[in-house]
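Undergrad: Handing you this structure, nothing more for now.
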Amino acid sequence: MPSSLCGISVDPALVKAVLPGGDSLTTATEKPNGGTVRCNLSVDGKLVLSLAQGWWSEGKTTAAVSPAYPGTKDGTMSEDERFIYSGQAGVGRTVPSCKTSEHPEQDLYTAVETRDTGIDDPTAIEKLLVAYTKAVEGSTACR
């Protein structure tokens with residue numbers, strides 16, 4: 001298990017908890033538009049997990065952003081309303097101080113999505129989502 005996912009350091013045990021078994025793990029970075037960076041993990045050549053960072057209009061709530069990630073439907077909202085997660089996916093809002101000159105008046109959100117893996121573990125998704133969000137907050141994405 002890698003300790004870094006497309007440049008973001010995450011505890012390998014948290015990642016392993018949401019992956020199916022297999023022989024080989026590969027990662028690939030994708031930038032589908034100017035405000036999104038996606039890290040795709042594949043096991044034995046099949047896409048199984050996607051971690052994303054996306055800039056959204058300032059003032060949006062996690063509840064307003066989460067419908068863009070279908071796996072979060074009927075998810076659980078954290079007490080501070082920064083995170084929403086289900087057994088397959090989650091969305092998190094970074095701290096307000098996470099700002100860059102490239103994205104003024106926008107907030108950075110993170111997402112964790114499993115892909116057809118049979119994984120259904122809300123606790124594991126929540127732990128990975130929170131850890132990934134905190135790692136992104138400490139990365140160059142927030143400077």
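Each chain of the structure tokens is named A, B, ... in the order shown, its residues numbered from 1; ligands are numbered from 1 in display order.
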Using DSSP secondary structure from the backbone, list all strand (DSSP E or B) positions within region 4-143 of chain A, as a VMD selection string.
TA: chain A and resid 4 to 5 8 to 9 25 to 33 36 to 43 46 to 57 76 to 77 83 to 85 89 to 93 106 to 114
Undergrad: Using only C-alpha atoms, determine which residues lie at most 10 Å from Leu129 (chain A), disregarding the query and same-chain residues fewer than 2 positions distant; provide the list as a list in words.
TA: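 The residues satisfying every condition are Val10, Leu14, Val15, Leu51, Phe83, Ile84, Tyr85, Ala89, Gly90, Val91, Gly92, Thr110, Ala111, Val112, Glu113, Thr123, Ala124, Ile125, Glu126, Lys127, Ala131, Tyr132, Thr133, Lys134 and Ala135 of chain A.
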Undergrad: To one decimal in Å, tell me the separation between CA of Ala28 (chain A) and CA of Thr76 (chain A).
TA: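 Calculated distance between CA of Ala28 (chain A) and CA of Thr76 (chain A) is 28.9 Å.
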Undergrad: Grab the CA of Asn40 (chain A) to CA of Thr27 (chain A) distance for me, in Å with one decimal place.
TA: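 Rounded to one decimal, the two atoms are 5.5 Å apart.
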Undergrad: So which residues touch Gly118 (chain A) within 10 Å, counting only C-alpha atoms, skipping near sequence neighbours fewer than 2 positions away, as number ranges by chain?
TA: A: 18-20, 48, 87-88, 114-116, 120-121
Undergrad: Choose the residue, out of A:Ala68, A:Glu30, A:Gly138, A:Leu128, that has the smallest atom-to-atom separation from Trp56 (chain A); count only C-alpha atoms.
TA: A:Ala68
Undergrad: Report as a PyMOL selection string all protein, DNA and RNA residues lying within 9 Å of Glu58 (chain A), evaluated on only C-alpha atoms, omitting residues in the same chain fewer than 4 positions from it.
TA: chain A and resi 104-108
Undergrad: Quick one: write out the picked residues with C-alpha atoms as a short mmCIF file (atom, residue, chain, number, x, y, z; two decimals), in the first residue's frame?
TA:
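Saved file again23.cif follows:
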```
data_model
loop_
_atom_site.label_atom_id
_atom_site.label_comp_id
_atom_site.auth_asym_id
_atom_site.auth_seq_id
_atom_site.Cartn_x
_atom_site.Cartn_y
_atom_site.Cartn_z
CA PRO A 104 -10.57 33.09 -5.16
CA GLU A 105 -14.05 33.00 -3.63
CA GLN A 106 -14.14 29.21 -3.81
CA ASP A 107 -13.95 26.46 -1.18
CA LEU A 108 -12.08 23.21 -1.65
#
```
Undergrad: Between A:Lys16, A:Lys31, A:Thr117, A:Gly75, single out the one closest to Lys46 (chain A), counting only C-alpha atoms.
TA: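 Of all the options, A:Thr117 lies closest to Lys46 (chain A).
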Undergrad: Skip Thr140 (chain A) itself and residues of its chain fewer than 6 positions away, then list as a list of chain:residue names all residues within 10 Å of it, counting only C-alpha atoms.
TA: A:Gly7, A:Ile8, A:Cys98, A:Thr100
Undergrad: Pick the closest to Ser4 (chain A) from A:Thr26, A:Ser86, A:Ser78, A:Thr94: which is it, counting only C-alpha atoms?
TA: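 Residue with the minimum atom-to-atom distance to Ser4 (chain A): A:Thr26.
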